[in-house]
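Only one structure is covered here, and it is reproduced in the block below.
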Amino acid sequence: MDASGLGWWGVLIAVFGGAIRVSTPFLFVSLGECLTERSGRINLGLEGILVMGAMSGYGVAYLSGSPWLGVLVAGLAGLLLGTLHGAVCSLPRVNDIAVGIGLMLLGTGFAFYLGKPFVQPKAPTLPALHLGDWASSAQVQSALQVNVLFIVGVALAFAMHWAFRNTRWGLVVRMVGDSSDAARAMGYSVNRVRILATAAGGFLAGVGGSFLSLYYPGSWNEGLSSGQGLMAVALVIFARWQPLNCFYAALLFGGAGALGPALQSVGITGGYYLFSAAPYVLTLAIMIATCSPRRNLAGAPGELSVTR
Amino acid sequence: MDGSITLPAPVAGGATLAMDRVRRAAEAICIPVAALLAAMMVFGVFMLLVGKNPLEVYALIYKGGFASAFAWQNTLQRAAPLILTALCVALPAQAGLIVIGAEGALVLGGLAAAVVGHALSGGSPLAVQMAMAIAAMSIGGAWISLAGALRHYRGVNETISSLLLTYIAIALFNHFVEGPLRDPASLNKPSTPPIGEAAMVGHLPGMDVHWGLVYGVVFCVCAYFLVRYTVFGFALRIVGGNVRAARLAGLAVGRLVLLSCFIGGAAAGLAGMAEVAAVHGSANASLIAGYGYAGILVSFIARHNPIAITPVALLVGGITASGGLLQRRLGLPDATVLVLQGIAFMMILAGETLYGRLRIFQPRLG
């Protein structure tokens, strides 16, 4: 069966497959941001961490030949930058949003600098699981090529959902995010919890970045990330700080991102750039619909500056 | 942002008060300078790690940015849009908003200027230029006001919304430049039709620097007077200090927020117009050069003080201008400048914590 035979079904399948493929970085970055924001800080620098993760993951995979080592190193690079953000924000009277912008600049700067030698070479990519081999259509098969990281991310969303309710660590993070006074009264160090949460969030964002360079689109260049790290911040607000909702929202964003190329494949090329803006418009529309000037958002951590 | 606690002025002679003002001014200069020096040291260590001599790098940055008339022209050329995009951050910051959407206002302003300039081509140059500037400033102002309005009426965080608006603006720009507004004659590089040589804004007499620099400096001085010496500016700073207190005092918070965003956006739009009317001659992808993002850095280093923006923009413009020389002489990638900027930005932000905590800068309480 050829592409034109599927017609609009082809678009739907492509959007679905794209949702799975494109959503993985969103999933990781938003889970990381969710963890950070639950502790009462916002990290706008995840964009920089994502790019840094993409570069370091690709570089290490190229040099070592093992993509999984690349994923690990990408996570560690994210951990490092996340710790930096957490530590700088722990200084009194330093604004976490501004530091996030700074980290965005720093992360992309380092990534572009150190990534120069890796623009040309081809690194080994992450393997995919072929879940669609039963289907006769090549398009369905390609839509159901699922990367292992996607499955890890989904499992992580469920695990975080559980951990926030049922583990001591989850409760401590939530308490610090909701009331630093309460946390202090209980004898927990607010800054230490927030630094750890930001560092862990950075690790996840770095892993999300490595997916970009090691699986889809699957190469390293300077235009690799198109604001996924930032959209993840909005996505977490949309998901009301719930890890499971982050998963659904990531799928939605992935689908929106896949819309442009999918329509192009059936010959609708006119508004290509306009369709490429779909995820941003969607994010903005969601924020307009969910925010309110008069009350705090339902489910928002009490200490979060972005919702005040 | 600016949460500095000003202690009540001591009841003392004028000399003490004057000394306190000097101390405060010294604080505002010394802390950023110290942060920049610290950033230079960190960057120097990074350069050592990648096997370059940091002193050589800094010498080249000085040479490429500030050492000769040619270097200065290059620097001034780059500083011009930075001044205007930095104002797009600094003015809303007076009202307590962190707006980072200058890039979007710049590209849309440039597009509007190119369209108007082409439509009116053949008119008297001054009138065409005025129309271009007005079009660019209106659309840039409206674009940033959108972020301000969303903030005020819907409670949407303006930092995120302004950045999303930037991505949308760039998509719109690409759509129009490569689609409906494309000049069929522009083959390799999609552009809008040229505005024509006659309507171009010329260079300053005796220099290879266009008038955009003058726009920027004049805009800065006006913004400084607006913020410091007018009722509007005072009201704006009250809103930035404490929104609830401003409401209690009966200030029209929404109007102030929207106006500050509009003026800031107009500055960024004007930067786009200057780039089109003085450099490129039409709107094309060269307009998306990251001036909007560098403007954020400039405004933060200047602590959102309009009068400090010009010198900081010269510094950042000079560092950017030296990128080419670093690339040719030392084989450093063009992102070297980005790394230095990123480190400087982090240091400046970390330095915020020092304000009001160093004894030597504090007012003496008798």
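Letters A, B, ... mark the chains of the structure tokens in the order given; residue numbers begin at 1 per chain; ligand numbers begin at 1, in order shown.
Counting only C-alpha atoms, range 29-46 of chain A has the following residues at most 6 Å away, ignoring those fewer than 5 positions along the same chain: A:Gly100, A:Ile101, A:Leu103, A:Met104, A:Val173, A:Arg174, A:Val176, A:Gly177, A:Arg194, A:Ala197, A:Thr198, A:Gly201, A:Leu204, A:Ala205, A:Gly208, A:Gly229, A:Ala232, A:Val236, A:Trp241, A:Pro301, A:Glu303, A:Leu304.
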>> Based on only C-alpha atoms, which of the residues in chain A come within 9 Å of chain B? I want them as an NGL selection string.
In response: :A and (44 or 88-89 or 91-95 or 97-99 or 101-114 or 116 or 226-227 or 230-231 or 233-234 or 270-278 or 280-281 or 283-284 or 287-295 or 306-308)
>> Applying 12 Å and only C-alpha atoms, which residues near Pro125 in chain B remain after dropping the ones on its own chain fewer than 5 positions away? List them as an MDAnalysis selection string.
In response: chainID B and resid 117:118 120 130:132 195:202 277
Same residues, C-alpha atoms, saved as a PDB file, in the first residue's frame:
ATOM      1  CA  GLY B 117       8.825  50.714   2.767  1.00  0.00           C
ATOM      2  CA  HIS B 118       8.117  48.777  -0.406  1.00  0.00           C
ATOM      3  CA  LEU B 120       5.505  53.576  -0.336  1.00  0.00           C
ATOM      4  CA  MET B 130       8.905  57.803   9.253  1.00  0.00           C
ATOM      5  CA  ALA B 131       6.143  55.507   8.044  1.00  0.00           C
ATOM      6  CA  MET B 132       8.445  52.505   8.310  1.00  0.00           C
ATOM      7  CA  ILE B 195      12.509  49.074  -0.162  1.00  0.00           C
ATOM      8  CA  GLY B 196      14.695  50.798  -2.696  1.00  0.00           C
ATOM      9  CA  GLU B 197      18.013  52.566  -2.375  1.00  0.00           C
ATOM     10  CA  ALA B 198      16.406  55.989  -1.974  1.00  0.00           C
ATOM     11  CA  ALA B 199      14.482  55.051   1.154  1.00  0.00           C
ATOM     12  CA  MET B 200      17.513  53.525   2.885  1.00  0.00           C
ATOM     13  CA  VAL B 201      18.661  55.116   6.104  1.00  0.00           C
ATOM     14  CA  GLY B 202      22.185  56.324   5.504  1.00  0.00           C
ATOM     15  CA  ALA B 277      16.242  50.185   6.431  1.00  0.00           C
TER      16      ALA B 277
END
>> Just want the 10 Å neighbourhood of range 206-210 of chain B, counted on only C-alpha atoms, with same-chain residues fewer than 2 positions away dropped. Output as number ranges by chain.
In response: B: 69-70, 72-78, 80, 201-204, 212-215, 274-275, 277-279
>> Report, in Å with one decimal, the straight-line distance from CA of Val243 in chain B to CA of Gly104 in chain B.
In response: 27.1 Å
>> I need the residues of range 175-283 of chain A that end up classed as helix (DSSP H, G or I) by DSSP on the backbone, written out as a ChimeraX atom specification.
In response: /A:175-178,180-185,190-214,228-238,243-265,272-276,278-283
> Pick from A:Leu149, A:Ile237, A:Met55, A:Leu156: nearest to Gly115 in chain A, with only C-alpha atoms counted?
Replying inline: A:Met55
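Compared by their closest atoms to Glu103 in chain B, and using only C-alpha atoms, the residues B:Arg359, B:Ser124, B:Leu49, B:Gly140 rank with B:Gly140 nearest.
Taking CA of Pro124 in chain A as the reference point, CA of Leu79 in chain A is found at 23.3 Å.
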>> At a cut-off of 10 Å, using only C-alpha atoms, what residues contact Pro261 in chain A? Leave out same-chain residues fewer than 4 positions from it and give the result as a count of residues only.
In response: 13
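Computed from the coordinates, the CA of Val298 in chain B to CA of Ala26 in chain B distance equals 19.5 Å.
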>> With only C-alpha atoms as the counted atoms, please give the residues lying no more than 9 Å from range 216-230 of chain B, apart from itself and same-chain residues fewer than 4 positions off, as a list in words.
In response: Ala79, Ala80, Pro81, Leu82, Ile83, Leu84, Leu87, Leu91, Gln94, Trp211, Gly212, Phe234, Ala235, Leu236, Arg237, Ile263, Ala267, Leu270, Ala271, Asn305, Pro306, Ile307, Ala308, Ile309 and Thr310 of chain B
Write the residues of the selection above to a file with N, CA and C atoms, as a compact mmCIF listing (two decimals), in the first residue's frame.
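Once written, out-v2.txt looks like this:
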# COMPACT_ATOMS: atom_id res chain seq x y z
N ALA B 79 26.13 47.15 18.36
CA ALA B 79 25.53 47.64 19.59
C ALA B 79 24.17 48.28 19.33
N ALA B 80 23.99 48.84 18.12
CA ALA B 80 22.77 49.59 17.84
C ALA B 80 21.50 48.76 18.11
N PRO B 81 21.35 47.57 17.48
CA PRO B 81 20.13 46.81 17.80
C PRO B 81 20.10 46.31 19.24
N LEU B 82 21.28 46.07 19.83
CA LEU B 82 21.30 45.57 21.21
C LEU B 82 20.71 46.58 22.17
N ILE B 83 21.01 47.87 21.95
CA ILE B 83 20.48 48.91 22.83
C ILE B 83 18.96 48.85 22.81
N LEU B 84 18.41 48.75 21.60
CA LEU B 84 16.96 48.80 21.48
C LEU B 84 16.30 47.53 22.01
N LEU B 87 16.20 47.59 25.76
CA LEU B 87 15.13 48.43 26.29
C LEU B 87 13.83 47.64 26.37
N LEU B 91 12.31 48.15 30.12
CA LEU B 91 11.12 48.94 30.45
C LEU B 91 10.04 48.12 31.14
N GLN B 94 10.77 47.54 34.77
CA GLN B 94 10.45 48.57 35.76
C GLN B 94 9.13 48.24 36.44
N TRP B 211 22.37 55.02 11.23
CA TRP B 211 21.64 55.87 12.16
C TRP B 211 20.94 55.09 13.27
N GLY B 212 20.83 53.80 13.12
CA GLY B 212 20.17 53.00 14.15
C GLY B 212 20.79 53.23 15.52
N PHE B 234 7.46 56.97 37.85
CA PHE B 234 7.38 56.71 39.27
C PHE B 234 6.30 55.67 39.56
N ALA B 235 5.13 55.86 38.91
CA ALA B 235 4.05 54.90 39.09
C ALA B 235 4.49 53.50 38.65
N LEU B 236 5.23 53.47 37.54
CA LEU B 236 5.71 52.20 37.01
C LEU B 236 6.59 51.49 38.04
N ARG B 237 7.45 52.27 38.69
CA ARG B 237 8.37 51.65 39.65
C ARG B 237 7.62 51.20 40.90
N ILE B 263 6.00 50.36 24.99
CA ILE B 263 7.18 51.16 24.67
C ILE B 263 8.39 50.26 24.46
N ALA B 267 10.56 49.74 20.99
CA ALA B 267 12.01 49.86 20.84
C ALA B 267 12.55 48.68 20.03
N LEU B 270 11.63 48.99 16.45
CA LEU B 270 12.48 49.99 15.80
C LEU B 270 13.83 49.39 15.42
N ALA B 271 14.33 48.49 16.29
CA ALA B 271 15.58 47.82 15.96
C ALA B 271 15.43 47.04 14.66
N ASN B 305 18.67 49.55 34.01
CA ASN B 305 18.77 51.00 34.05
C ASN B 305 19.03 51.51 32.63
N PRO B 306 18.07 52.27 32.05
CA PRO B 306 18.20 52.64 30.63
C PRO B 306 19.50 53.37 30.31
N ILE B 307 20.01 54.15 31.27
CA ILE B 307 21.20 54.94 30.95
C ILE B 307 22.45 54.05 30.94
N ALA B 308 22.39 52.93 31.67
CA ALA B 308 23.55 52.02 31.69
C ALA B 308 23.53 51.08 30.50
N ILE B 309 22.39 51.03 29.79
CA ILE B 309 22.27 50.06 28.70
C ILE B 309 23.27 50.36 27.59
N THR B 310 23.43 51.65 27.25
CA THR B 310 24.31 51.97 26.12
C THR B 310 25.75 51.49 26.32
> What's the 10 Å shell around Ala135 in chain B, counting only C-alpha atoms, without same-chain residues fewer than 2 positions away, as a ChimeraX atom specification?
Replying inline: /B:108-117,129-133,137-141,266,269-270,273
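Shortest atom-to-atom contact with Val22 in chain A among A:Met186, A:Met52, A:Ile151, A:Ala256: A:Ala256, counting only C-alpha atoms.
Taking only range 43-198 of chain A, the residues that DSSP calls strand (DSSP E) from the backbone come to Ala128, Leu129, His130, Gln145, Val146 and Asn147 of chain A.
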